[in-house]
Amino acid sequence: FDDYQFRADVKLASTTLSSNDLAGSSNRDIVSGQLASNVYISRNWSFMSGSLSASRDERTNNEDDDPRTDNLIYTMTLPAVSFNFRQITLAPQSRGPGRGSMIGEILRNTYFSQGYSVRSGRTGYELRSVQDYQAAGNWSLSMRPPRVGIFNVSGTASAGQTWRRSEEFGRSWVDSDSVFVDLDNVQEETTPSLSLGANVGTTLYGLFPINLGAVQAVRHTLRLNTTYTVRPGLPGHQDNSTNYSFSLGNRFDVKYLGAGRDSTRTVKKLDGVVDWDLNTSYNPKLAPDRRWSDIRSGLTVRPGQARYLKLRVNNVIEPRKLALKSTSFTYGLSFSGRLDTGGIEAKDESRRNAAIDRLGLEAAADTT
């Protein structure tokens, strides 16, 4: 089992607690709870990876005597299987010296990937049950040619097919007639998908000498990225859509003089002291006042050498008036260490000089 990854867990939770005397009252309130269990196993091979999982989420004590509620009792997935094959190029890499033909270079820089999944799920209510089956496959081609000047250019094409079948059986309460109605419904559909995309990005670096106190220099890394995505119209399955995405990333690193050994000062570096990211998107087919999405800003500050301490500020900005819509602060502090279990480390036996063995310890001490 060394080649497998296995994980299993069971979680208990109480969502509400509405009585203070749960043990001593004969007509006490029922505590609403939840029981969730998961099992997962996976393995990687040279040509693909696969996983098998199962889960059950049970809402304990969720039944009541009211037929109109039809409360959720459990949801279960058994099993869920997925296979993802290793990415391959459309042509083998050239072994000889020099470059091959233009078509050969395009094929050697075009990658094909594929994945498949199958799952079966069941959802239980007080009066009815729903059985779901799903099978899906996805295929993609991505072309990543060599850099064009300072720009990284890539293109993608992806397609998928999803089959779903839903079976509902049991009964339902009709409040207007005050009667139960039997249920026996089956729905089945197959949904294709297709999308095309292109990406252009670049990374620029700048080094600024400062010599301000212990700070010697600041390095600025600027990342610009633009993505164009189009989803062709598939009658009855997919509407035609177009989308542009824009992102900008800033990273600032600092070089400074720190205290070293023997009262000397050495040059040290702090990576990612400040990270600032901006992103938004544009959809030309929406109404003029809705074409630009909200601008999302994320600023992360890591003060000093403490890599476990960081402060993050997230902002959402309205694109037309550049008005601030929301702000959130996140402060993180983590600790790490080791636990001494009482083990005694074996001492390494130091090597002795051959001259000491010939002269003896006392003679060696007199000569020093």
# chains A, B, ... in the order shown; residues from 1 in each chain; ligands from 1
call {"tool": "residues_around", "arguments": {"residues": "Leu311 (chain A)", "least_positions_apart": "5", "cutoff": "7 Å", "atoms": "only C-alpha atoms", "output": "PDB file with N, CA, C and O atoms, in the first residue's frame"}}
result
ATOM      1  N   THR A 300      -1.156  41.886   0.499  1.00  0.00           N
ATOM      2  CA  THR A 300      -0.588  41.055   1.553  1.00  0.00           C
ATOM      3  C   THR A 300       0.720  41.653   2.011  1.00  0.00           C
ATOM      4  O   THR A 300       1.593  41.957   1.192  1.00  0.00           O
ATOM      5  N   VAL A 301       0.868  41.830   3.318  1.00  0.00           N
ATOM      6  CA  VAL A 301       2.078  42.392   3.916  1.00  0.00           C
ATOM      7  C   VAL A 301       2.654  41.364   4.871  1.00  0.00           C
ATOM      8  O   VAL A 301       1.947  40.839   5.743  1.00  0.00           O
ATOM      9  N   ARG A 302       3.943  41.072   4.692  1.00  0.00           N
ATOM     10  CA  ARG A 302       4.665  40.162   5.595  1.00  0.00           C
ATOM     11  C   ARG A 302       5.793  40.950   6.251  1.00  0.00           C
ATOM     12  O   ARG A 302       6.862  41.100   5.683  1.00  0.00           O
ATOM     13  N   THR A 330      -7.555  40.248   7.068  1.00  0.00           N
ATOM     14  CA  THR A 330      -7.195  38.920   7.545  1.00  0.00           C
ATOM     15  C   THR A 330      -5.818  38.997   8.184  1.00  0.00           C
ATOM     16  O   THR A 330      -4.868  39.481   7.566  1.00  0.00           O
ATOM     17  N   TYR A 331      -5.739  38.517   9.417  1.00  0.00           N
ATOM     18  CA  TYR A 331      -4.482  38.529  10.150  1.00  0.00           C
ATOM     19  C   TYR A 331      -4.127  37.092  10.485  1.00  0.00           C
ATOM     20  O   TYR A 331      -4.943  36.370  11.073  1.00  0.00           O
ATOM     21  N   GLY A 332      -2.953  36.669  10.079  1.00  0.00           N
ATOM     22  CA  GLY A 332      -2.563  35.281  10.295  1.00  0.00           C
ATOM     23  C   GLY A 332      -1.284  35.170  11.096  1.00  0.00           C
ATOM     24  O   GLY A 332      -0.307  35.887  10.870  1.00  0.00           O
TER      25      GLY A 332
END
call {"tool": "select_by_dssp", "arguments": {"residues": "region 145-306 of chain A", "states": "strand (DSSP E or B)", "output": "NGL selection string"}}
result
:A and (148 or 151-174 or 179-212 or 215-231 or 234 or 238 or 241-259 or 265-282 or 292 or 295-301)
call {"tool": "residues_around", "arguments": {"residues": "Val174 (chain A)", "least_positions_apart": "5", "cutoff": "12 Å", "atoms": "only C-alpha atoms", "output": "MDAnalysis selection string"}}
result
chainID A and resid 67:70 179:183
call {"tool": "closest_residue", "arguments": {"among": "A:Val273, A:Ala80, A:Ala136, A:Ala8", "to": "Pro192 (chain A)", "atoms": "only C-alpha atoms"}}
result
A:Ala136
call {"tool": "residues_around", "arguments": {"residues": "Lys269 (chain A)", "least_positions_apart": "6", "cutoff": "12 Å", "atoms": "only C-alpha atoms", "output": "short mmCIF file (atom, residue, chain, number, x, y, z; two decimals) with N, CA, C and O atoms, in the first residue's frame"}}
result
data_model
loop_
_atom_site.label_atom_id
_atom_site.label_comp_id
_atom_site.auth_asym_id
_atom_site.auth_seq_id
_atom_site.Cartn_x
_atom_site.Cartn_y
_atom_site.Cartn_z
N ALA A 214 19.58 50.31 6.93
CA ALA A 214 20.00 48.94 6.64
C ALA A 214 19.49 48.45 5.30
O ALA A 214 20.00 47.46 4.76
N VAL A 215 18.49 49.13 4.73
CA VAL A 215 17.91 48.71 3.45
C VAL A 215 18.86 49.10 2.32
O VAL A 215 19.24 50.27 2.17
N GLN A 216 19.23 48.11 1.50
CA GLN A 216 20.16 48.35 0.41
C GLN A 216 19.45 48.50 -0.94
O GLN A 216 19.84 49.33 -1.76
N ALA A 217 18.43 47.68 -1.20
CA ALA A 217 17.76 47.72 -2.50
C ALA A 217 16.37 47.11 -2.38
O ALA A 217 16.09 46.34 -1.46
N VAL A 218 15.51 47.46 -3.34
CA VAL A 218 14.15 46.91 -3.45
C VAL A 218 13.99 46.35 -4.86
O VAL A 218 14.30 47.05 -5.84
N ARG A 219 13.55 45.11 -4.95
CA ARG A 219 13.28 44.52 -6.25
C ARG A 219 11.78 44.46 -6.48
O ARG A 219 11.03 43.98 -5.63
N PHE A 252 7.16 42.96 -4.05
CA PHE A 252 8.31 43.74 -3.64
C PHE A 252 9.17 42.91 -2.67
O PHE A 252 8.66 42.42 -1.65
N ASP A 253 10.44 42.75 -3.04
CA ASP A 253 11.43 42.08 -2.19
C ASP A 253 12.45 43.10 -1.72
O ASP A 253 12.75 44.08 -2.43
N VAL A 254 13.01 42.89 -0.56
CA VAL A 254 13.94 43.85 0.06
C VAL A 254 15.26 43.17 0.36
O VAL A 254 15.29 42.04 0.88
N LYS A 255 16.36 43.84 0.03
CA LYS A 255 17.70 43.43 0.44
C LYS A 255 18.20 44.39 1.50
O LYS A 255 18.09 45.62 1.34
N TYR A 256 18.76 43.85 2.58
CA TYR A 256 19.20 44.69 3.69
C TYR A 256 20.44 44.09 4.33
O TYR A 256 20.80 42.93 4.09
N LEU A 257 21.09 44.90 5.16
CA LEU A 257 22.27 44.45 5.90
C LEU A 257 21.83 43.96 7.26
O LEU A 257 21.19 44.67 8.04
N GLY A 258 22.17 42.71 7.54
CA GLY A 258 21.84 42.12 8.82
C GLY A 258 23.08 41.76 9.60
O GLY A 258 24.18 41.64 9.04
N GLY A 304 8.93 42.02 8.47
CA GLY A 304 10.08 41.42 9.11
C GLY A 304 10.41 40.03 8.60
O GLY A 304 9.99 39.60 7.53
N GLN A 305 11.17 39.29 9.40
CA GLN A 305 11.61 37.96 9.02
C GLN A 305 10.63 36.88 9.44
O GLN A 305 10.87 35.70 9.18
#
call {"tool": "residues_around", "arguments": {"residues": "Tyr74 (chain A)", "least_positions_apart": "2", "cutoff": "10 Å", "atoms": "only C-alpha atoms", "output": "MDAnalysis selection string"}}
result
chainID A and resid 34:36 56:60 62 71:72 76 122:126 129
call {"tool": "select_by_dssp", "arguments": {"residues": "region 18-189 of chain A", "states": "helix (DSSP H, G or I)", "output": "count of residues only"}}
result
7
call {"tool": "residues_around", "arguments": {"residues": "Val200 (chain A)", "least_positions_apart": "5", "cutoff": "10 Å", "atoms": "only C-alpha atoms", "output": "list in words"}}
result
Val148, Phe151, Asn152, Val153, Ser154, Gly155, Leu224, Asn225, Thr226, Thr227 and Tyr228 of chain A
call {"tool": "write_last_selection", "arguments": {"atoms": "N, CA, C and O atoms", "output": "compact mmCIF listing (two decimals), in the first residue's frame"}}
result
# COMPACT_ATOMS: atom_id res chain seq x y z
N VAL A 148 7.64 34.88 -27.17
CA VAL A 148 7.69 35.84 -28.27
C VAL A 148 8.13 37.18 -27.69
O VAL A 148 7.34 37.90 -27.08
N PHE A 151 6.93 38.30 -24.17
CA PHE A 151 5.59 37.82 -23.89
C PHE A 151 5.54 36.28 -23.94
O PHE A 151 6.17 35.66 -24.80
N ASN A 152 4.75 35.73 -23.03
CA ASN A 152 4.40 34.32 -23.05
C ASN A 152 3.00 34.19 -23.65
O ASN A 152 2.05 34.80 -23.16
N VAL A 153 2.91 33.42 -24.73
CA VAL A 153 1.65 33.27 -25.46
C VAL A 153 1.23 31.81 -25.41
O VAL A 153 2.07 30.91 -25.57
N SER A 154 -0.05 31.55 -25.20
CA SER A 154 -0.56 30.19 -25.19
C SER A 154 -2.00 30.19 -25.70
O SER A 154 -2.70 31.21 -25.66
N GLY A 155 -2.43 29.05 -26.18
CA GLY A 155 -3.80 28.87 -26.64
C GLY A 155 -4.36 27.54 -26.16
O GLY A 155 -3.61 26.57 -25.98
N LEU A 224 1.82 40.93 -15.74
CA LEU A 224 0.65 41.35 -16.50
C LEU A 224 0.12 40.15 -17.26
O LEU A 224 0.89 39.41 -17.89
N ASN A 225 -1.20 39.98 -17.24
CA ASN A 225 -1.78 38.81 -17.88
C ASN A 225 -3.16 39.15 -18.45
O ASN A 225 -3.97 39.83 -17.80
N THR A 226 -3.42 38.70 -19.67
CA THR A 226 -4.71 38.89 -20.34
C THR A 226 -5.16 37.56 -20.91
O THR A 226 -4.38 36.86 -21.57
N THR A 227 -6.43 37.21 -20.69
CA THR A 227 -6.99 35.95 -21.18
C THR A 227 -8.27 36.23 -21.95
O THR A 227 -9.13 37.00 -21.48
N TYR A 228 -8.37 35.63 -23.13
CA TYR A 228 -9.57 35.75 -23.96
C TYR A 228 -10.22 34.37 -24.05
O TYR A 228 -9.56 33.38 -24.38
call {"tool": "closest_residue", "arguments": {"among": "A:Asn61, A:Ser101, A:Ser117, A:Ser142", "to": "Ile88 (chain A)", "atoms": "only C-alpha atoms"}}
result
A:Ser142
call {"tool": "atom_distance", "arguments": {"atom1": "CA of Lys321 (chain A)", "atom2": "CA of Arg296 (chain A)"}}
result
14.2 Å
call {"tool": "residues_around", "arguments": {"residues": "Arg291 (chain A)", "least_positions_apart": "2", "cutoff": "12 Å", "atoms": "only C-alpha atoms", "output": "JSON, numbers by chain"}}
result
{"A": [242, 243, 244, 245, 280, 281, 282, 283, 284, 285, 286, 287, 288, 289, 293, 294, 318, 319, 320]}
call {"tool": "atom_distance", "arguments": {"atom1": "CA of Ser328 (chain A)", "atom2": "CA of Gly298 (chain A)"}}
result
9.7 Å
